[in-house]
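Source file: input.pdb. Holds: PDB, C-alpha atoms.
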ATOM      1  CA  MET A   1      54.629 -22.086   9.458
ATOM      2  CA  PHE A   2      51.689 -22.486  11.823
ATOM      3  CA  THR A   3      48.035 -21.450  12.022
ATOM      4  CA  GLY A   4      47.604 -20.663  15.717
ATOM      5  CA  ILE A   5      45.077 -23.473  16.183
ATOM      6  CA  ILE A   6      46.286 -25.387  19.237
ATOM      7  CA  GLU A   7      46.304 -29.163  18.734
ATOM      8  CA  THR A   8      46.768 -30.241  22.312
ATOM      9  CA  ILE A   9      48.224 -29.284  25.668
ATOM     10  CA  GLY A  10      51.506 -30.863  26.751
ATOM     11  CA  THR A  11      52.917 -31.107  30.266
ATOM     12  CA  VAL A  12      56.496 -30.259  31.198
ATOM     13  CA  SER A  13      58.039 -33.425  32.664
ATOM     14  CA  HIS A  14      61.753 -32.531  32.811
ATOM     15  CA  LEU A  15      63.959 -29.449  32.521
ATOM     16  CA  GLU A  16      67.711 -29.580  32.088
ATOM     17  CA  ASN A  17      70.131 -26.680  31.751
ATOM     18  CA  GLU A  18      73.212 -27.135  29.587
ATOM     19  CA  LEU A  19      75.385 -24.016  29.481
ATOM     20  CA  ASP A  20      73.021 -21.301  28.132
ATOM     21  CA  ASN A  21      70.550 -23.821  26.683
ATOM     22  CA  LEU A  22      67.443 -25.316  28.265
ATOM     23  CA  HIS A  23      66.343 -28.844  27.292
ATOM     24  CA  ILE A  24      62.574 -29.098  27.772
ATOM     25  CA  THR A  25      60.882 -32.504  27.916
ATOM     26  CA  ILE A  26      57.148 -32.580  27.258
ATOM     27  CA  LYS A  27      54.620 -35.366  27.787
ATOM     28  CA  SER A  28      51.978 -35.161  25.096
ATOM     29  CA  SER A  29      49.278 -37.118  23.285
ATOM     30  CA  ILE A  30      51.016 -36.349  19.954
ATOM     31  CA  THR A  31      54.445 -37.692  20.972
ATOM     32  CA  SER A  32      53.973 -40.998  19.099
ATOM     33  CA  GLU A  33      53.433 -39.046  15.865
ATOM     34  CA  LEU A  34      56.568 -36.909  16.209
ATOM     35  CA  LYS A  35      59.951 -37.447  14.612
ATOM     36  CA  ILE A  36      63.352 -35.939  15.353
ATOM     37  CA  ASP A  37      63.864 -32.672  13.383
ATOM     38  CA  GLN A  38      60.143 -31.824  13.277
ATOM     39  CA  SER A  39      59.020 -28.313  14.212
ATOM     40  CA  VAL A  40      56.504 -27.896  17.006
ATOM     41  CA  ALA A  41      55.234 -24.597  18.415
ATOM     42  CA  HIS A  42      55.394 -24.460  22.234
ATOM     43  CA  ASN A  43      53.343 -21.547  23.590
ATOM     44  CA  GLY A  44      53.878 -20.109  20.109
ATOM     45  CA  VAL A  45      57.654 -20.705  19.993
ATOM     46  CA  CYS A  46      58.867 -22.862  17.097
ATOM     47  CA  LEU A  47      61.325 -25.465  18.445
ATOM     48  CA  THR A  48      62.892 -28.558  16.889
ATOM     49  CA  VAL A  49      62.273 -32.026  18.313
ATOM     50  CA  VAL A  50      65.676 -33.454  19.307
ATOM     51  CA  LYS A  51      64.584 -36.625  21.119
ATOM     52  CA  VAL A  52      61.492 -38.846  21.250
ATOM     53  CA  ASP A  53      61.066 -41.366  24.063
ATOM     54  CA  GLU A  54      57.771 -43.250  24.524
ATOM     55  CA  ASP A  55      55.191 -40.651  25.675
ATOM     56  CA  ALA A  56      57.609 -37.705  25.940
ATOM     57  CA  TYR A  57      59.836 -35.711  23.613
ATOM     58  CA  THR A  58      62.556 -33.110  24.090
ATOM     59  CA  VAL A  59      63.257 -29.733  22.484
ATOM     60  CA  THR A  60      66.049 -27.251  23.164
ATOM     61  CA  ALA A  61      65.662 -23.506  23.706
ATOM     62  CA  ILE A  62      68.738 -21.309  23.287
ATOM     63  CA  LYS A  63      69.554 -18.215  25.357
ATOM     64  CA  GLU A  64      67.983 -15.814  22.800
ATOM     65  CA  THR A  65      64.705 -17.748  22.956
ATOM     66  CA  LEU A  66      64.740 -17.873  26.745
ATOM     67  CA  ASN A  67      65.367 -14.104  26.938
ATOM     68  CA  LYS A  68      62.510 -13.172  24.605
ATOM     69  CA  THR A  69      59.807 -15.664  25.608
ATOM     70  CA  ASN A  70      58.197 -17.176  28.683
ATOM     71  CA  LEU A  71      59.883 -20.567  28.166
ATOM     72  CA  GLY A  72      62.597 -19.715  30.688
ATOM     73  CA  THR A  73      59.935 -19.526  33.409
ATOM     74  CA  LEU A  74      58.576 -23.039  32.778
ATOM     75  CA  LYS A  75      58.318 -25.392  35.748
ATOM     76  CA  ILE A  76      57.636 -29.122  36.038
ATOM     77  CA  ASP A  77      53.921 -29.896  35.406
ATOM     78  CA  ASP A  78      53.296 -26.580  33.597
ATOM     79  CA  ALA A  79      50.797 -26.788  30.728
ATOM     80  CA  VAL A  80      52.155 -25.856  27.292
ATOM     81  CA  ASN A  81      50.119 -25.129  24.147
ATOM     82  CA  LEU A  82      51.298 -27.334  21.262
ATOM     83  CA  GLU A  83      50.859 -27.096  17.493
ATOM     84  CA  ARG A  84      52.711 -28.992  14.802
ATOM     85  CA  ALA A  85      53.717 -27.187  11.608
ATOM     86  CA  MET A  86      50.901 -26.988   9.077
ATOM     87  CA  LYS A  87      50.874 -29.195   5.995
ATOM     88  CA  LEU A  88      50.800 -27.640   2.552
ATOM     89  CA  GLY A  89      47.208 -27.781   1.333
ATOM     90  CA  ASP A  90      45.649 -27.697   4.828
ATOM     91  CA  ARG A  91      42.925 -25.210   5.659
ATOM     92  CA  LEU A  92      44.276 -22.070   7.318
ATOM     93  CA  ASP A  93      41.757 -21.925  10.161
ATOM     94  CA  GLY A  94      43.632 -19.332  12.241
ATOM     95  CA  HIS A  95      46.060 -16.930  10.575
ATOM     96  CA  ILE A  96      49.644 -17.098   9.300
ATOM     97  CA  VAL A  97      51.850 -17.683  12.343
ATOM     98  CA  GLN A  98      55.619 -17.997  12.043
ATOM     99  CA  GLY A  99      56.398 -19.342  15.502
ATOM    100  CA  HIS A 100      58.734 -16.382  16.092
ATOM    101  CA  VAL A 101      57.709 -14.654  19.313
ATOM    102  CA  ASP A 102      58.087 -10.871  19.194
ATOM    103  CA  GLN A 103      57.857 -10.163  22.914
ATOM    104  CA  THR A 104      56.098 -11.116  26.103
ATOM    105  CA  ALA A 105      53.118  -9.475  27.774
ATOM    106  CA  VAL A 106      51.581  -9.547  31.233
ATOM    107  CA  CYS A 107      47.979 -10.495  31.886
ATOM    108  CA  THR A 108      46.390  -7.560  33.709
ATOM    109  CA  GLU A 109      42.777  -8.759  33.921
ATOM    110  CA  VAL A 110      40.691 -11.905  33.559
ATOM    111  CA  LYS A 111      36.962 -11.251  33.428
ATOM    112  CA  GLU A 112      34.222 -13.870  33.025
ATOM    113  CA  GLU A 113      31.322 -12.677  30.878
ATOM    114  CA  ASN A 114      28.265 -14.919  30.603
ATOM    115  CA  GLY A 115      30.032 -18.064  29.435
ATOM    116  CA  SER A 116      33.114 -16.533  27.850
ATOM    117  CA  TRP A 117      36.206 -14.811  29.204
ATOM    118  CA  ILE A 118      37.910 -11.502  28.436
ATOM    119  CA  PHE A 119      41.677 -11.461  28.947
ATOM    120  CA  THR A 120      43.617  -8.188  28.876
ATOM    121  CA  PHE A 121      47.365  -8.057  28.237
ATOM    122  CA  LYS A 122      49.864  -5.201  28.607
ATOM    123  CA  TYR A 123      53.083  -5.116  26.579
ATOM    124  CA  ASP A 124      56.075  -2.812  26.077
ATOM    125  CA  ALA A 125      55.081  -0.406  23.285
ATOM    126  CA  ALA A 126      58.698   0.799  22.965
ATOM    127  CA  LEU A 127      59.387  -2.277  20.805
ATOM    128  CA  ASN A 128      57.102  -0.752  18.111
ATOM    129  CA  ASN A 129      54.734  -3.698  17.790
ATOM    130  CA  ILE A 130      51.112  -2.828  17.105
ATOM    131  CA  THR A 131      47.656  -4.324  17.317
ATOM    132  CA  ILE A 132      44.566  -3.161  15.490
ATOM    133  CA  GLU A 133      40.921  -3.589  16.379
ATOM    134  CA  LYS A 134      39.640  -6.914  14.960
ATOM    135  CA  GLY A 135      43.163  -7.758  13.773
ATOM    136  CA  SER A 136      44.983 -11.007  14.515
ATOM    137  CA  ILE A 137      47.296 -11.696  17.446
ATOM    138  CA  THR A 138      48.932 -14.875  18.705
ATOM    139  CA  VAL A 139      48.956 -15.364  22.489
ATOM    140  CA  ASN A 140      50.953 -18.406  23.665
ATOM    141  CA  GLY A 141      50.568 -19.770  20.146
ATOM    142  CA  THR A 142      46.786 -19.301  20.009
ATOM    143  CA  SER A 143      45.370 -17.356  17.042
ATOM    144  CA  LEU A 144      42.940 -14.740  18.377
ATOM    145  CA  THR A 145      41.114 -11.571  17.387
ATOM    146  CA  VAL A 146      42.069  -8.294  19.073
ATOM    147  CA  VAL A 147      39.434  -6.284  20.914
ATOM    148  CA  ASN A 148      39.981  -2.967  22.678
ATOM    149  CA  SER A 149      43.286  -2.291  20.900
ATOM    150  CA  GLN A 150      45.391   0.389  22.601
ATOM    151  CA  LYS A 151      48.987   1.565  22.258
ATOM    152  CA  ASP A 152      50.382  -0.821  24.859
ATOM    153  CA  GLN A 153      47.568  -3.240  25.620
ATOM    154  CA  PHE A 154      44.720  -5.209  24.106
ATOM    155  CA  SER A 155      42.073  -7.734  25.057
ATOM    156  CA  VAL A 156      40.877 -11.012  23.565
ATOM    157  CA  ALA A 157      37.590 -12.853  24.032
ATOM    158  CA  ILE A 158      37.921 -16.572  24.767
ATOM    159  CA  ILE A 159      35.106 -19.026  24.104
ATOM    160  CA  PRO A 160      34.650 -22.091  26.356
ATOM    161  CA  TYR A 161      36.233 -24.496  23.825
ATOM    162  CA  THR A 162      39.430 -22.431  23.594
ATOM    163  CA  TYR A 163      39.479 -21.964  27.371
ATOM    164  CA  GLU A 164      39.309 -25.721  27.960
ATOM    165  CA  HIS A 165      41.683 -26.801  25.162
ATOM    166  CA  THR A 166      44.550 -24.336  25.726
ATOM    167  CA  ASN A 167      46.527 -23.142  28.732
ATOM    168  CA  PHE A 168      44.356 -20.008  28.960
ATOM    169  CA  LYS A 169      42.591 -21.704  31.869
ATOM    170  CA  THR A 170      45.844 -21.368  33.858
ATOM    171  CA  PHE A 171      46.231 -17.609  33.280
ATOM    172  CA  LYS A 172      45.677 -15.154  36.086
ATOM    173  CA  LYS A 173      46.634 -11.551  36.762
ATOM    174  CA  GLY A 174      50.420 -11.361  36.444
ATOM    175  CA  SER A 175      50.822 -14.361  34.113
ATOM    176  CA  VAL A 176      53.483 -13.793  31.438
ATOM    177  CA  VAL A 177      52.551 -14.847  27.892
ATOM    178  CA  ASN A 178      54.262 -14.933  24.506
ATOM    179  CA  LEU A 179      53.032 -12.605  21.746
ATOM    180  CA  GLU A 180      53.498 -12.912  18.015
ATOM    181  CA  PHE A 181      52.021  -9.891  16.283
ATOM    182  CA  ASP A 182      50.377 -10.183  12.876
ATOM    183  CA  VAL A 183      53.059 -10.401  10.179
ATOM    184  CA  LEU A 184      51.389  -7.733   8.012
ATOM    185  CA  GLY A 185      51.144  -5.383  10.990
ATOM    186  CA  LYS A 186      54.854  -5.873  11.670
ATOM    187  CA  TYR A 187      55.723  -4.765   8.137
ATOM    188  CA  VAL A 188      53.466  -1.707   8.454
ATOM    189  CA  ALA A 189      55.053  -0.793  11.798
ATOM    190  CA  ARG A 190      58.545  -1.191  10.310
ATOM    191  CA  LEU A 191      57.671   0.988   7.285
ATOM    192  CA  ASN A 192      56.261   3.674   9.568
ATOM    193  CA  ALA A 193      59.420   3.608  11.694
ATOM    194  CA  LEU A 194      61.618   3.911   8.577
ATOM    195  CA  ASN A 195      59.577   6.830   7.253
ATOM    196  CA  LYS A 196      60.120   8.731  10.524
ATOM    197  CA  VAL A 197      63.915   8.513  10.177
TER     198      VAL A 197
END
File written out as structure tokens:
Amino acid sequence: MFTGIIETIGTVSHLENELDNLHITIKSSITSELKIDQSVAHNGVCLTVVKVDEDAYTVTAIKETLNKTNLGTLKIDDAVNLERAMKLGDRLDGHIVQGHVDQTAVCTEVKEENGSWIFTFKYDAALNNITIEKGSITVNGTSLTVVNSQKDQFSVAIIPYTYEHTNFKTFKKGSVVNLEFDVLGKYVARLNALNKV
């Protein structure tokens, strides 16, 4: 379980394919605190640490993960948002995030607005995920508030701190991001779909 509050940004230092799996090695300031078997969210995707080596650690993404997230598009030196699993008793500063990406979205607009930024993302509405105005959304693992909610797109407002301390500063028109929709909204969407049957 995560909160969507990004701890740090890691850098991809090595990528290795093994059959359908991708081993991803990340250099990070939190590497010395990690242990094998720990869960870490990478752009919002919960992955297990399988190796720790000095200032870098390795996780493995399976084919299903690569098909449903943006991890398969990672390149050497790419910036990755990182968050370790929350501790029981910690403050929940973001919202409840499972680390299970629902789908990807494409950034369609980046607009600077007097010291903050508005990012707009378009996603495939056929997958029956929903956003609501002022509801929660996780974009590349970052807990955010939805503005301008529509059937297949939404926007988020990014303050300077979030812009500087996440990989939002690397996004441009056409960037592909991971989305995890609010868990309560997913249950509502599922109930609505069942009621239509």
Need to verify the contact set: A:Thr11, 6 Å, only C-alpha atoms, exclusion of same-chain residues closer than 4 positions in sequence. Can you return it as a ChimeraX atom specification? /A:26-27,77-79
List the residues selected by the PyMOL selection byres ((chain A and resi 127-140) around 7) in the file shown, writing them as a VMD selection string. chain A and resid 4 43 to 44 81 124 to 126 141 to 149 177 to 182 185 to 186 189
Hey, could you pull the box centre and edge lengths for stretch 6-16 of chain A, axis-aligned, 5 Å padding per side, all listed atoms, to one decimal in Å, as AutoDock Vina command-line options?
--center_x 57.0 --center_y -29.4 --center_z 25.8 --size_x 31.4 --size_y 18.0 --size_z 24.1
For atom CA of A:Leu191 and atom CA of A:Ile5, the interatomic separation in Å (one decimal): 28.9 Å
Might you spell out which residues the PyMOL selection byres ((chain A and resi 100-114) around 7) would select in the displayed file, as a list of chain:residue names?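 Against this file, the PyMOL selection byres ((chain A and resi 100-114) around 7) returns the residues A:Gly44, A:Val45, A:Cys46, A:Lys68, A:Thr69, A:Asn70, A:Gln98, A:Gly99, A:Gly115, A:Ser116, A:Trp117, A:Ile118, A:Phe119, A:Thr120, A:Phe121, A:Lys122, A:Tyr123, A:Lys172, A:Lys173, A:Gly174, A:Ser175, A:Val176, A:Val177, A:Asn178, A:Leu179, A:Glu180, A:Phe181.
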Mind pulling up the distance from atom CA of A:Ile30 to atom CA of A:Asp55?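 These two atoms are separated by 8.3 Å.
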Mind giving me the straight-line distance from atom CA of A:Thr25 to atom CA of A:Ser13 in Å, one decimal? 5.6 Å
Just the residues within 12 Å of A:Glu18, please, counting all atoms listed in the file, with nothing from its chain fewer than 6 positions along; format it as a ChimeraX atom specification. /A:24,60-63
Expansion of the PyMOL selection byres ((chain A and resi 167) around 7) into residues, as a ChimeraX atom specification: /A:79-81,166,168-170
Residue nearest A:Val50 - candidates A:Met86, A:Val97, A:Ile36, A:Met1, atoms counted: all atoms listed in the file: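 Under the stated criterion, the closest residue is A:Ile36.
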Do you know which residues are at most 10 Å from A:Glu54 counting all atoms listed in the file, after dropping those on the same chain fewer than 6 positions away, and could you put them as an MDAnalysis selection string? chainID A and resid 27:28 31:32
Would you mind exporting C-alpha atoms of the selected residues as a tab-separated table (two decimals), in the coordinates of the input?
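Saved the output as selection.tsv:
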chain	number	residue	atom	x	y	z
A	27	LYS	CA	54.62	-35.37	27.79
A	28	SER	CA	51.98	-35.16	25.10
A	31	THR	CA	54.44	-37.69	20.97
A	32	SER	CA	53.97	-41.00	19.10
Taking only C-alpha atoms into account, which of A:Ala85, A:Tyr163, A:Glu64, A:Asn17 comes nearest A:Thr3?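 The answer is A:Ala85, which sits nearest to A:Thr3.
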With only C-alpha atoms as the basis for distance, which of A:Leu194, A:Ile159, A:Val183, A:Leu74 is at the shortest distance from A:His42? A:Leu74
Pick from A:Ile76, A:Leu71, A:Ala41, A:Val12, whichever lies nearest to A:Ala56 using only C-alpha atoms: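 That would be A:Val12, the residue with the smallest distance to A:Ala56.
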Using all atoms listed in the file for the distances, tell me which of A:Lys51, A:Phe171, A:Ser29, A:Leu22 is nearest to A:Ile9.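 Closest candidate: A:Ser29.
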Save stretch 130-144 of chain A to disk from that block, all heavy atoms included, as a PDB file, in the first residue's frame.
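As a result, selection22.pdb now contains:
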ATOM      1  N   ILE A 130     -13.054   5.798 -14.360  1.00  0.00           N
ATOM      2  CA  ILE A 130     -13.673   7.126 -14.282  1.00  0.00           C
ATOM      3  C   ILE A 130     -12.875   8.053 -13.368  1.00  0.00           C
ATOM      4  O   ILE A 130     -12.188   7.602 -12.468  1.00  0.00           O
ATOM      5  CB  ILE A 130     -15.129   7.051 -13.754  1.00  0.00           C
ATOM      6  CG1 ILE A 130     -15.174   6.428 -12.346  1.00  0.00           C
ATOM      7  CG2 ILE A 130     -16.018   6.283 -14.710  1.00  0.00           C
ATOM      8  CD1 ILE A 130     -16.507   6.562 -11.641  1.00  0.00           C
ATOM      9  N   THR A 131     -12.989   9.331 -13.662  1.00  0.00           N
ATOM     10  CA  THR A 131     -12.494  10.361 -12.743  1.00  0.00           C
ATOM     11  C   THR A 131     -13.689  11.223 -12.354  1.00  0.00           C
ATOM     12  O   THR A 131     -14.703  11.251 -13.071  1.00  0.00           O
ATOM     13  CB  THR A 131     -11.423  11.258 -13.395  1.00  0.00           C
ATOM     14  OG1 THR A 131     -12.003  11.937 -14.522  1.00  0.00           O
ATOM     15  CG2 THR A 131     -10.218  10.448 -13.839  1.00  0.00           C
ATOM     16  N   ILE A 132     -13.564  11.887 -11.229  1.00  0.00           N
ATOM     17  CA  ILE A 132     -14.585  12.863 -10.845  1.00  0.00           C
ATOM     18  C   ILE A 132     -13.890  14.158 -10.456  1.00  0.00           C
ATOM     19  O   ILE A 132     -12.742  14.147 -10.011  1.00  0.00           O
ATOM     20  CB  ILE A 132     -15.477  12.365  -9.674  1.00  0.00           C
ATOM     21  CG1 ILE A 132     -14.643  12.085  -8.432  1.00  0.00           C
ATOM     22  CG2 ILE A 132     -16.276  11.146 -10.067  1.00  0.00           C
ATOM     23  CD1 ILE A 132     -15.461  11.940  -7.169  1.00  0.00           C
ATOM     24  N   GLU A 133     -14.588  15.258 -10.651  1.00  0.00           N
ATOM     25  CA  GLU A 133     -14.047  16.563 -10.311  1.00  0.00           C
ATOM     26  C   GLU A 133     -13.664  16.600  -8.839  1.00  0.00           C
ATOM     27  O   GLU A 133     -14.442  16.208  -7.967  1.00  0.00           O
ATOM     28  CB  GLU A 133     -15.087  17.644 -10.623  1.00  0.00           C
ATOM     29  CG  GLU A 133     -14.521  19.033 -10.727  1.00  0.00           C
ATOM     30  CD  GLU A 133     -13.684  19.239 -11.989  1.00  0.00           C
ATOM     31  OE1 GLU A 133     -13.795  18.459 -12.951  1.00  0.00           O
ATOM     32  OE2 GLU A 133     -12.917  20.220 -12.001  1.00  0.00           O
ATOM     33  N   LYS A 134     -12.437  17.010  -8.559  1.00  0.00           N
ATOM     34  CA  LYS A 134     -11.863  17.103  -7.205  1.00  0.00           C
ATOM     35  C   LYS A 134     -11.629  15.738  -6.571  1.00  0.00           C
ATOM     36  O   LYS A 134     -11.334  15.643  -5.390  1.00  0.00           O
ATOM     37  CB  LYS A 134     -12.731  17.976  -6.287  1.00  0.00           C
ATOM     38  CG  LYS A 134     -12.964  19.394  -6.785  1.00  0.00           C
ATOM     39  CD  LYS A 134     -11.660  20.179  -6.870  1.00  0.00           C
ATOM     40  CE  LYS A 134     -11.879  21.624  -7.272  1.00  0.00           C
ATOM     41  NZ  LYS A 134     -11.966  21.820  -8.710  1.00  0.00           N
ATOM     42  N   GLY A 135     -11.748  14.665  -7.361  1.00  0.00           N
ATOM     43  CA  GLY A 135     -11.426  13.331  -6.863  1.00  0.00           C
ATOM     44  C   GLY A 135      -9.932  13.073  -6.969  1.00  0.00           C
ATOM     45  O   GLY A 135      -9.167  13.891  -7.481  1.00  0.00           O
ATOM     46  N   SER A 136      -9.503  11.917  -6.489  1.00  0.00           N
ATOM     47  CA  SER A 136      -8.088  11.555  -6.513  1.00  0.00           C
ATOM     48  C   SER A 136      -7.740  10.744  -7.748  1.00  0.00           C
ATOM     49  O   SER A 136      -8.541   9.968  -8.244  1.00  0.00           O
ATOM     50  CB  SER A 136      -7.740  10.742  -5.261  1.00  0.00           C
ATOM     51  OG  SER A 136      -7.915  11.519  -4.101  1.00  0.00           O
ATOM     52  N   ILE A 137      -6.510  10.931  -8.211  1.00  0.00           N
ATOM     53  CA  ILE A 137      -5.955  10.155  -9.325  1.00  0.00           C
ATOM     54  C   ILE A 137      -4.465  10.005  -9.053  1.00  0.00           C
ATOM     55  O   ILE A 137      -3.857  10.868  -8.430  1.00  0.00           O
ATOM     56  CB  ILE A 137      -6.197  10.848 -10.697  1.00  0.00           C
ATOM     57  CG1 ILE A 137      -5.763   9.971 -11.884  1.00  0.00           C
ATOM     58  CG2 ILE A 137      -5.499  12.194 -10.769  1.00  0.00           C
ATOM     59  CD1 ILE A 137      -6.694   8.854 -12.230  1.00  0.00           C
ATOM     60  N   THR A 138      -3.896   8.898  -9.499  1.00  0.00           N
ATOM     61  CA  THR A 138      -2.451   8.711  -9.385  1.00  0.00           C
ATOM     62  C   THR A 138      -1.860   8.713 -10.788  1.00  0.00           C
ATOM     63  O   THR A 138      -2.247   7.904 -11.632  1.00  0.00           O
ATOM     64  CB  THR A 138      -2.122   7.377  -8.684  1.00  0.00           C
ATOM     65  OG1 THR A 138      -2.816   7.333  -7.441  1.00  0.00           O
ATOM     66  CG2 THR A 138      -0.643   7.252  -8.428  1.00  0.00           C
ATOM     67  N   VAL A 139      -0.940   9.644 -11.035  1.00  0.00           N
ATOM     68  CA  VAL A 139      -0.255   9.757 -12.325  1.00  0.00           C
ATOM     69  C   VAL A 139       1.227   9.463 -12.095  1.00  0.00           C
ATOM     70  O   VAL A 139       1.884  10.179 -11.340  1.00  0.00           O
ATOM     71  CB  VAL A 139      -0.433  11.155 -12.947  1.00  0.00           C
ATOM     72  CG1 VAL A 139       0.327  11.263 -14.267  1.00  0.00           C
ATOM     73  CG2 VAL A 139      -1.907  11.492 -13.140  1.00  0.00           C
ATOM     74  N   ASN A 140       1.733   8.391 -12.711  1.00  0.00           N
ATOM     75  CA  ASN A 140       3.115   7.957 -12.485  1.00  0.00           C
ATOM     76  C   ASN A 140       3.439   7.877 -10.996  1.00  0.00           C
ATOM     77  O   ASN A 140       4.518   8.249 -10.551  1.00  0.00           O
ATOM     78  CB  ASN A 140       4.117   8.869 -13.203  1.00  0.00           C
ATOM     79  CG  ASN A 140       4.517   8.328 -14.559  1.00  0.00           C
ATOM     80  OD1 ASN A 140       3.889   7.416 -15.087  1.00  0.00           O
ATOM     81  ND2 ASN A 140       5.555   8.894 -15.142  1.00  0.00           N
ATOM     82  N   GLY A 141       2.450   7.389 -10.230  1.00  0.00           N
ATOM     83  CA  GLY A 141       2.652   7.184  -8.799  1.00  0.00           C
ATOM     84  C   GLY A 141       2.422   8.395  -7.929  1.00  0.00           C
ATOM     85  O   GLY A 141       2.523   8.315  -6.707  1.00  0.00           O
ATOM     86  N   THR A 142       2.096   9.537  -8.530  1.00  0.00           N
ATOM     87  CA  THR A 142       1.912  10.785  -7.785  1.00  0.00           C
ATOM     88  C   THR A 142       0.438  11.015  -7.489  1.00  0.00           C
ATOM     89  O   THR A 142      -0.386  11.055  -8.403  1.00  0.00           O
ATOM     90  CB  THR A 142       2.453  11.986  -8.591  1.00  0.00           C
ATOM     91  OG1 THR A 142       3.790  11.699  -9.017  1.00  0.00           O
ATOM     92  CG2 THR A 142       2.432  13.259  -7.768  1.00  0.00           C
ATOM     93  N   SER A 143       0.097  11.160  -6.207  1.00  0.00           N
ATOM     94  CA  SER A 143      -1.283  11.421  -5.792  1.00  0.00           C
ATOM     95  C   SER A 143      -1.655  12.860  -6.143  1.00  0.00           C
ATOM     96  O   SER A 143      -0.996  13.804  -5.705  1.00  0.00           O
ATOM     97  CB  SER A 143      -1.414  11.204  -4.283  1.00  0.00           C
ATOM     98  OG  SER A 143      -2.695  11.605  -3.839  1.00  0.00           O
ATOM     99  N   LEU A 144      -2.736  13.010  -6.924  1.00  0.00           N
ATOM    100  CA  LEU A 144      -3.138  14.335  -7.402  1.00  0.00           C
ATOM    101  C   LEU A 144      -4.650  14.483  -7.346  1.00  0.00           C
ATOM    102  O   LEU A 144      -5.380  13.501  -7.231  1.00  0.00           O
ATOM    103  CB  LEU A 144      -2.655  14.533  -8.844  1.00  0.00           C
ATOM    104  CG  LEU A 144      -1.135  14.493  -9.031  1.00  0.00           C
ATOM    105  CD1 LEU A 144      -0.780  14.321 -10.495  1.00  0.00           C
ATOM    106  CD2 LEU A 144      -0.497  15.744  -8.454  1.00  0.00           C
TER     107      LEU A 144
END
